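A.B. asks: You'll find final05.txt just under this line, and it carries compact mmCIF, C-alpha atoms.
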```txt
# COMPACT_ATOMS: atom_id res chain seq x y z
CA MET A 186 144.73 -34.18 172.77
CA THR A 187 147.08 -31.78 174.41
CA GLU A 188 146.85 -28.11 173.60
CA PRO A 189 149.70 -26.48 171.71
CA LEU A 190 152.56 -25.04 173.73
CA SER A 191 151.89 -21.52 172.45
CA THR A 192 148.30 -21.70 173.74
CA SER A 193 149.37 -22.85 177.21
CA ILE A 194 152.06 -20.16 177.39
CA ALA A 195 149.57 -17.49 176.33
CA GLY A 196 147.10 -18.78 178.92
CA ALA A 197 149.72 -18.70 181.66
CA LEU A 198 150.75 -15.19 180.71
CA GLY A 199 147.14 -14.06 180.52
CA SER A 200 146.36 -15.26 184.02
CA GLY A 201 149.74 -14.86 185.71
CA LEU A 202 151.12 -11.64 184.28
CA PRO A 203 148.43 -9.32 185.69
CA VAL A 204 148.91 -10.83 189.15
CA LEU A 205 152.69 -10.46 188.91
CA LEU A 206 152.41 -6.86 187.76
CA LEU A 207 150.01 -6.02 190.61
CA GLN A 208 152.24 -7.65 193.23
CA PHE A 209 155.34 -5.99 191.75
CA ALA A 210 153.63 -2.59 191.76
CA ILE A 211 152.64 -3.06 195.40
CA CYS A 212 156.25 -3.90 196.31
CA ILE A 213 157.49 -0.81 194.45
CA VAL A 214 154.97 1.39 196.29
CA LEU A 215 156.03 -0.16 199.61
CA LEU A 216 159.69 0.38 198.75
CA VAL A 217 159.19 4.03 197.80
CA ALA A 218 157.07 4.63 200.91
CA GLY A 219 159.68 2.87 203.07
CA VAL A 220 162.51 4.99 201.66
CA ALA A 221 160.46 8.17 202.16
CA VAL A 222 159.71 7.29 205.80
CA TYR A 223 163.33 6.22 206.30
CA MET A 224 164.52 9.60 205.10
CA LYS A 225 162.16 11.27 207.61
CA VAL A 226 163.32 9.26 210.64
CA THR A 227 167.06 9.53 210.08
CA PRO A 228 168.76 12.38 211.90
CA PHE A 229 170.38 13.79 208.76
CA HIS A 230 169.11 15.22 205.46
CA GLU A 231 170.11 12.70 202.79
CA ARG A 232 169.07 14.77 199.77
CA GLU A 233 171.20 17.73 200.78
CA LEU A 234 174.14 15.51 201.68
CA LEU A 235 173.88 13.64 198.38
CA ARG A 236 173.83 16.92 196.45
CA GLU A 237 177.02 17.86 198.28
CA GLY A 238 178.64 14.57 197.22
CA ASN A 239 178.71 13.02 200.70
CA VAL A 240 179.78 9.41 200.13
CA ALA A 241 178.96 8.34 203.70
CA ALA A 242 175.35 9.51 203.35
CA ALA A 243 175.13 7.79 199.95
CA THR A 244 176.45 4.58 201.50
CA VAL A 245 173.93 4.60 204.35
CA LEU A 246 171.02 5.46 202.04
CA SER A 247 172.07 2.81 199.52
CA GLY A 248 172.24 0.24 202.30
CA ALA A 249 168.78 1.28 203.44
CA VAL A 250 167.23 1.00 199.98
CA ILE A 251 168.72 -2.47 199.47
CA ALA A 252 167.76 -3.47 203.01
CA LEU A 253 164.18 -2.39 202.41
CA ALA A 254 164.07 -4.24 199.08
CA ILE A 255 165.42 -7.59 200.34
CA PRO A 256 162.40 -8.63 202.46
CA LEU A 257 160.01 -7.25 199.84
CA ALA A 258 161.75 -9.42 197.23
CA ALA A 259 161.40 -12.45 199.51
CA LEU A 260 157.70 -11.70 199.85
CA LEU A 261 157.31 -11.32 196.11
CA ALA A 262 159.03 -14.66 195.57
CA THR A 263 157.12 -16.63 198.19
CA THR A 264 153.73 -15.03 198.71
CA ARG A 265 150.79 -15.37 196.40
CA THR A 266 148.21 -13.05 197.96
CA VAL A 267 148.18 -9.28 197.72
CA LEU A 268 147.07 -8.91 201.34
CA ASP A 269 150.05 -10.94 202.57
CA ILE A 270 152.42 -8.75 200.55
CA ILE A 271 150.88 -5.57 201.97
CA VAL A 272 150.75 -6.72 205.60
CA TRP A 273 154.15 -8.42 205.72
CA GLY A 274 155.67 -5.69 203.56
CA ILE A 275 154.63 -3.10 206.13
CA VAL A 276 156.03 -5.31 208.91
CA ALA A 277 159.32 -5.62 207.01
CA ILE A 278 159.56 -1.86 206.55
CA LEU A 279 158.80 -1.23 210.22
CA LEU A 280 161.54 -3.67 211.27
CA GLN A 281 164.02 -1.86 209.04
CA LEU A 282 162.97 1.52 210.45
CA VAL A 283 163.35 0.22 214.00
CA THR A 284 166.85 -0.95 213.04
CA VAL A 285 167.92 2.52 211.93
CA VAL A 286 166.39 4.15 215.01
CA ILE A 287 168.29 1.72 217.25
CA ALA A 288 171.50 2.28 215.27
CA CYS A 289 171.08 6.04 215.71
CA HIS A 290 170.78 5.61 219.48
CA VAL A 291 173.63 3.13 219.76
CA MET A 292 175.96 5.21 217.61
CA ARG A 293 175.60 8.56 219.29
CA GLY A 294 176.89 11.34 217.12
CA MET A 295 176.09 9.38 213.97
CA ARG A 296 174.56 12.43 212.34
CA LEU A 297 177.74 14.43 212.65
CA THR A 298 179.99 11.63 211.47
CA ILE A 299 177.77 10.95 208.44
CA GLU A 300 177.53 14.66 207.69
CA ASP A 301 181.33 14.82 207.91
CA GLY A 302 181.50 12.04 205.30
CA SER A 303 182.91 9.31 207.52
CA LEU A 304 182.70 5.94 205.78
CA ALA A 305 183.88 4.37 209.02
CA ALA A 306 180.50 5.35 210.51
CA ALA A 307 178.46 4.61 207.38
CA LEU A 308 179.58 1.05 206.73
CA PRO A 309 178.52 -0.49 210.08
CA ILE A 310 175.12 1.18 209.75
CA ALA A 311 174.64 -0.15 206.22
CA ALA A 312 175.86 -3.58 207.34
CA ALA A 313 173.41 -3.66 210.26
CA GLN A 314 170.56 -2.71 207.94
CA LEU A 315 171.49 -5.44 205.47
CA ALA A 316 171.91 -8.06 208.21
CA ILE A 317 168.47 -7.30 209.62
CA ALA A 318 167.01 -7.34 206.10
CA LEU A 319 168.40 -10.81 205.43
CA LEU A 320 167.08 -12.15 208.75
CA ASN A 321 163.78 -10.40 208.13
CA ALA A 322 163.49 -11.94 204.66
CA ALA A 323 164.38 -15.42 205.92
CA GLY A 324 161.74 -15.17 208.63
CA MET A 325 159.07 -14.31 206.07
CA VAL A 326 159.62 -17.37 203.87
CA PRO A 327 156.83 -19.85 204.59
CA VAL A 328 157.81 -23.27 205.85
```
Spell out the structure here as structure tokens.
C.D. replies:
Amino acid sequence: MTEPLSTSIAGALGSGLPVLLLQFAICIVLLVAGVAVYMKVTPFHERELLREGNVAAATVLSGAVIALAIPLAALLATTRTVLDIIVWGIVAILLQLVTVVIACHVMRGMRLTIEDGSLAAALPIAAAQLAIALLNAAGMVPV
């Protein structure tokens, strides 16, 4: 005899939900840590600029948060072990941080243009972060 559908659903939830919640919590911790480190390595002070209503700073920071989340989401979708999520999550965050450091060096004077509220400077930075995030996420999906 087959077991009732409600029993199999309850069993799946009982075994799968705790794992999902743990992996999700790890990704949230990695995301928050990544954003905190990101805000330390950028040459401008996002919190102050956001309080002042600086749209360029908001654009760059928003791009960074999404860019940090994309590879973590790919890991959450494709990885089953906590250790893989932690190790590859850290790698993903480091790649995103390297991207912003390189962008800062390539776009000299970025701090001043962002502080001045220039969307023309903010959009290419956000786009570069998102592009690297997508490539990063694609590279982390197992074959």
A.B. asks: Would you list the residues near (163.4, -15.5, 207.0) (no more than 12 Å away, in the coordinates of the file, using all atoms listed in the file) as JSON, numbers by chain?
C.D. replies: {"A": [255, 256, 257, 258, 259, 260, 263, 273, 277, 316, 317, 318, 319, 320, 321, 322, 323, 324, 325, 326, 327, 328]}
A.B. asks: Could you tell me how far atom CA of Gly248 of chain A sits from atom CA of Asp301 of chain A, in Å to one decimal place?
C.D. replies: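 Separation between atom CA of Asp301 of chain A and atom CA of Gly248 of chain A: 18.1 Å.
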A.B. asks: What is the atom CA of Ile278 of chain A to atom CA of Ala252 of chain A distance in Å?
C.D. replies: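 About the pair atom CA of Ile278 of chain A and atom CA of Ala252 of chain A: they are 9.1 Å apart.
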A.B. asks: Rank A:Ala195, A:Leu297, A:Leu202, A:Ile211 by their smallest atom-to-atom distance to Val267 of chain A, using all atoms listed in the file, and report the top residue only.
C.D. replies: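 Looking only at the distances to Val267 of chain A, the closest residue turns out to be A:Ile211.
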A.B. asks: Determine, counting all atoms listed in the file, every residue of protein, DNA or RNA that lies within 12 Å of (180.5, 15.8, 210.7) in the file coordinates, then give the result as a PyMOL selection string.
C.D. replies: chain A and resi 229+234+239+241-242+294-304+306-307
A.B. asks: Could you check which of A:Ala218, A:Met292, A:Leu315, A:Leu207 is closest to Ala249 of chain A, using all atoms listed in the file?
C.D. replies: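 Result for the nearest residue to Ala249 of chain A: A:Leu315.
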A.B. asks: What would segment 250-273 of chain A look like with N, CA and C atoms restored, written as a short mmCIF file (atom, residue, chain, number, x, y, z; two decimals), in the frame of the given file?
C.D. replies:
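Result file is rebuild17.cif:
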```
data_model
loop_
_atom_site.label_atom_id
_atom_site.label_comp_id
_atom_site.auth_asym_id
_atom_site.auth_seq_id
_atom_site.Cartn_x
_atom_site.Cartn_y
_atom_site.Cartn_z
N VAL A 250 168.09 1.36 201.12
CA VAL A 250 167.23 1.00 199.98
C VAL A 250 167.33 -0.51 199.71
N ILE A 251 168.55 -1.03 199.69
CA ILE A 251 168.72 -2.47 199.47
C ILE A 251 168.10 -3.25 200.62
N ALA A 252 168.30 -2.78 201.84
CA ALA A 252 167.76 -3.47 203.01
C ALA A 252 166.23 -3.47 203.02
N LEU A 253 165.63 -2.42 202.53
CA LEU A 253 164.18 -2.39 202.41
C LEU A 253 163.70 -3.31 201.29
N ALA A 254 164.48 -3.43 200.23
CA ALA A 254 164.07 -4.24 199.08
C ALA A 254 164.20 -5.74 199.33
N ILE A 255 165.16 -6.16 200.14
CA ILE A 255 165.42 -7.59 200.34
C ILE A 255 164.19 -8.33 200.88
N PRO A 256 163.58 -7.89 201.99
CA PRO A 256 162.40 -8.63 202.46
C PRO A 256 161.21 -8.51 201.51
N LEU A 257 161.10 -7.38 200.82
CA LEU A 257 160.01 -7.25 199.84
C LEU A 257 160.21 -8.24 198.69
N ALA A 258 161.46 -8.43 198.28
CA ALA A 258 161.75 -9.42 197.23
C ALA A 258 161.42 -10.83 197.70
N ALA A 259 161.74 -11.13 198.96
CA ALA A 259 161.40 -12.45 199.51
C ALA A 259 159.89 -12.65 199.52
N LEU A 260 159.16 -11.61 199.87
CA LEU A 260 157.70 -11.70 199.85
C LEU A 260 157.19 -11.92 198.43
N LEU A 261 157.73 -11.20 197.50
CA LEU A 261 157.31 -11.32 196.11
C LEU A 261 157.57 -12.73 195.59
N ALA A 262 158.66 -13.32 196.04
CA ALA A 262 159.03 -14.66 195.57
C ALA A 262 158.22 -15.77 196.24
N THR A 263 157.72 -15.53 197.43
CA THR A 263 157.12 -16.63 198.19
C THR A 263 155.65 -16.46 198.52
N THR A 264 155.11 -15.29 198.31
CA THR A 264 153.73 -15.03 198.71
C THR A 264 152.85 -14.87 197.48
N ARG A 265 151.68 -15.42 197.55
CA ARG A 265 150.79 -15.37 196.40
C ARG A 265 149.63 -14.39 196.57
N THR A 266 149.37 -13.94 197.77
CA THR A 266 148.21 -13.05 197.96
C THR A 266 148.66 -11.61 198.17
N VAL A 267 147.88 -10.71 197.62
CA VAL A 267 148.18 -9.28 197.72
C VAL A 267 148.14 -8.83 199.18
N LEU A 268 147.18 -9.32 199.93
CA LEU A 268 147.07 -8.91 201.34
C LEU A 268 148.31 -9.32 202.13
N ASP A 269 148.82 -10.51 201.89
CA ASP A 269 150.05 -10.94 202.57
C ASP A 269 151.22 -10.01 202.23
N ILE A 270 151.33 -9.65 200.97
CA ILE A 270 152.42 -8.75 200.55
C ILE A 270 152.29 -7.40 201.25
N ILE A 271 151.08 -6.88 201.33
CA ILE A 271 150.88 -5.57 201.97
C ILE A 271 151.18 -5.66 203.46
N VAL A 272 150.58 -6.63 204.15
CA VAL A 272 150.75 -6.72 205.60
C VAL A 272 152.19 -7.01 205.96
N TRP A 273 152.78 -8.06 205.37
CA TRP A 273 154.15 -8.42 205.72
C TRP A 273 155.16 -7.43 205.17
#
```
